[in-house]
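Report on the structure given below.
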Amino acid sequence: MPLSVVLALALVGLFCLWFTRRQKTGKILVTVAVGLLALLGYHGVTDMLLRPLEQVYAPLFHAKEVTDVK
C-alpha cells in the first residue's frame, strides 16, 4: 500500500531531523513523502495507476447481477 510506504518514509525523515546530524537527508525524505502523498491523493493519478490492472483482471461479478438480486 502506498500510504504505509509514504508514512514510513516520513517517519524515517523525521527521525533523521530530530535525532541525527543528517538534517539535509531528513528534509529531503519528508519533502518526498509529502509530495508523494499529495500526488497519490489525486484521482487522476490513481486512476492512471489502476487502469492497467483493471483491464488485465476481469471483475468477480457485474453490477447488473448485484442489482437483479431480489
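Going by the C-alpha cells order, chains are called A, B, ..., each with residues numbered from 1, while ligands are numbered from 1 in the order shown.
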
I need the helix (DSSP H, G or I) residues of range 9-69 of chain A per DSSP on the backbone, written as a CSV table (one decimal) with N, CA and C atoms, in the first residue's frame.
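And here is the file that came out, part-v3.csv:
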```
chain,number,residue,atom,x,y,z
A,9,LEU,N,8.4,6.5,5.1
A,9,LEU,CA,9.4,7.4,4.6
A,9,LEU,C,9.4,8.7,5.4
A,10,ALA,N,8.2,9.2,5.7
A,10,ALA,CA,8.1,10.4,6.5
A,10,ALA,C,8.6,10.2,7.9
A,11,LEU,N,8.3,9.1,8.5
A,11,LEU,CA,8.9,8.8,9.9
A,11,LEU,C,10.4,8.7,9.9
A,12,VAL,N,10.9,8.1,8.9
A,12,VAL,CA,12.4,8.0,8.8
A,12,VAL,C,13.0,9.4,8.6
A,13,GLY,N,12.4,10.2,7.8
A,13,GLY,CA,12.8,11.6,7.6
A,13,GLY,C,12.7,12.4,8.9
A,14,LEU,N,11.6,12.2,9.6
A,14,LEU,CA,11.5,12.9,10.9
A,14,LEU,C,12.5,12.5,11.9
A,15,PHE,N,12.8,11.2,11.9
A,15,PHE,CA,13.8,10.6,12.8
A,15,PHE,C,15.2,11.2,12.5
A,16,CYS,N,15.5,11.3,11.2
A,16,CYS,CA,16.8,12.0,10.8
A,16,CYS,C,16.8,13.4,11.2
A,17,LEU,N,15.7,14.1,11.1
A,17,LEU,CA,15.7,15.5,11.5
A,17,LEU,C,15.9,15.7,13.0
A,18,TRP,N,15.3,14.9,13.8
A,18,TRP,CA,15.3,15.1,15.3
A,18,TRP,C,16.4,14.5,16.0
A,19,PHE,N,16.9,13.3,15.5
A,19,PHE,CA,17.8,12.5,16.4
A,19,PHE,C,19.2,12.3,15.7
A,23,GLN,N,20.5,16.3,8.8
A,23,GLN,CA,19.3,17.2,8.7
A,23,GLN,C,18.9,17.3,7.2
A,24,LYS,N,19.9,17.4,6.3
A,24,LYS,CA,19.5,17.5,4.9
A,24,LYS,C,18.8,16.3,4.4
A,25,THR,N,19.3,15.1,4.8
A,25,THR,CA,18.6,13.8,4.4
A,25,THR,C,17.2,13.8,4.9
A,26,GLY,N,17.0,14.2,6.1
A,26,GLY,CA,15.7,14.2,6.7
A,26,GLY,C,14.7,15.1,6.0
A,27,LYS,N,15.2,16.3,5.7
A,27,LYS,CA,14.4,17.3,4.9
A,27,LYS,C,14.0,16.7,3.6
A,28,ILE,N,14.9,16.1,2.9
A,28,ILE,CA,14.6,15.5,1.6
A,28,ILE,C,13.6,14.4,1.7
A,29,LEU,N,13.7,13.5,2.7
A,29,LEU,CA,12.8,12.4,2.9
A,29,LEU,C,11.4,12.9,3.2
A,30,VAL,N,11.3,13.9,4.1
A,30,VAL,CA,10.0,14.4,4.5
A,30,VAL,C,9.3,15.1,3.3
A,31,THR,N,10.1,15.9,2.5
A,31,THR,CA,9.6,16.6,1.3
A,31,THR,C,9.1,15.6,0.3
A,32,VAL,N,9.9,14.5,0.0
A,32,VAL,CA,9.5,13.5,-0.9
A,32,VAL,C,8.2,12.8,-0.4
A,33,ALA,N,8.1,12.5,0.9
A,33,ALA,CA,6.9,11.8,1.4
A,33,ALA,C,5.7,12.7,1.3
A,34,VAL,N,5.8,14.0,1.6
A,34,VAL,CA,4.6,14.9,1.4
A,34,VAL,C,4.3,15.0,0.0
A,35,GLY,N,5.2,15.1,-0.9
A,35,GLY,CA,5.0,15.2,-2.3
A,35,GLY,C,4.3,14.0,-2.9
A,36,LEU,N,4.7,12.8,-2.5
A,36,LEU,CA,4.1,11.5,-2.9
A,36,LEU,C,2.7,11.4,-2.3
A,37,LEU,N,2.5,11.8,-1.1
A,37,LEU,CA,1.2,11.8,-0.5
A,37,LEU,C,0.2,12.7,-1.3
A,38,ALA,N,0.7,13.9,-1.6
A,38,ALA,CA,-0.2,14.8,-2.4
A,38,ALA,C,-0.5,14.3,-3.8
A,39,LEU,N,0.6,13.7,-4.4
A,39,LEU,CA,0.4,13.2,-5.8
A,39,LEU,C,-0.5,12.0,-5.8
A,40,LEU,N,-0.4,11.1,-4.9
A,40,LEU,CA,-1.3,9.9,-4.8
A,40,LEU,C,-2.7,10.2,-4.3
A,43,HIS,N,-7.3,11.9,-7.9
A,43,HIS,CA,-7.9,10.8,-8.6
A,43,HIS,C,-7.3,10.5,-10.0
A,44,GLY,N,-6.9,11.5,-10.7
A,44,GLY,CA,-6.3,11.3,-12.0
A,44,GLY,C,-5.1,10.4,-12.0
A,45,VAL,N,-4.2,10.6,-11.0
A,45,VAL,CA,-3.0,9.8,-10.8
A,45,VAL,C,-3.4,8.4,-10.4
A,46,THR,N,-4.3,8.2,-9.5
A,46,THR,CA,-4.6,6.9,-9.0
A,46,THR,C,-5.4,6.1,-10.1
A,47,ASP,N,-6.2,6.8,-10.9
A,47,ASP,CA,-6.9,6.2,-12.0
A,47,ASP,C,-5.9,5.7,-13.0
A,48,MET,N,-4.9,6.5,-13.3
A,48,MET,CA,-3.9,6.1,-14.3
A,48,MET,C,-3.1,4.9,-13.8
A,49,LEU,N,-2.9,4.8,-12.5
A,49,LEU,CA,-2.1,3.6,-12.0
A,49,LEU,C,-3.0,2.4,-11.9
A,50,LEU,N,-4.3,2.5,-11.7
A,50,LEU,CA,-5.2,1.4,-11.5
A,50,LEU,C,-5.7,0.9,-12.9
A,51,ARG,N,-5.8,1.7,-13.9
A,51,ARG,CA,-6.4,1.3,-15.2
A,51,ARG,C,-5.8,0.1,-15.8
A,52,PRO,N,-4.4,0.0,-15.8
A,52,PRO,CA,-3.8,-1.3,-16.4
A,52,PRO,C,-4.2,-2.5,-15.6
A,53,LEU,N,-4.3,-2.4,-14.3
A,53,LEU,CA,-4.7,-3.6,-13.5
A,53,LEU,C,-6.2,-4.0,-13.8
A,54,GLU,N,-7.0,-3.0,-13.9
A,54,GLU,CA,-8.4,-3.3,-14.1
A,54,GLU,C,-8.7,-3.9,-15.5
A,55,GLN,N,-7.8,-3.6,-16.5
A,55,GLN,CA,-8.0,-4.1,-17.8
A,55,GLN,C,-7.5,-5.5,-17.9
A,56,VAL,N,-6.5,-5.9,-17.1
A,56,VAL,CA,-6.0,-7.2,-17.1
A,56,VAL,C,-6.9,-8.2,-16.4
A,63,ALA,N,-22.1,-5.4,-12.0
A,63,ALA,CA,-23.1,-4.6,-11.2
A,63,ALA,C,-24.5,-5.0,-11.5
A,64,LYS,N,-24.8,-5.4,-12.7
A,64,LYS,CA,-26.2,-5.8,-13.1
A,64,LYS,C,-26.6,-7.0,-12.3
A,65,GLU,N,-25.7,-8.0,-12.1
A,65,GLU,CA,-26.0,-9.2,-11.3
A,65,GLU,C,-26.4,-8.8,-9.9
A,66,VAL,N,-25.7,-7.8,-9.3
A,66,VAL,CA,-25.9,-7.5,-7.9
A,66,VAL,C,-27.3,-6.7,-7.8
A,67,THR,N,-27.6,-5.9,-8.8
A,67,THR,CA,-28.9,-5.2,-8.7
A,67,THR,C,-30.1,-6.0,-9.0
```
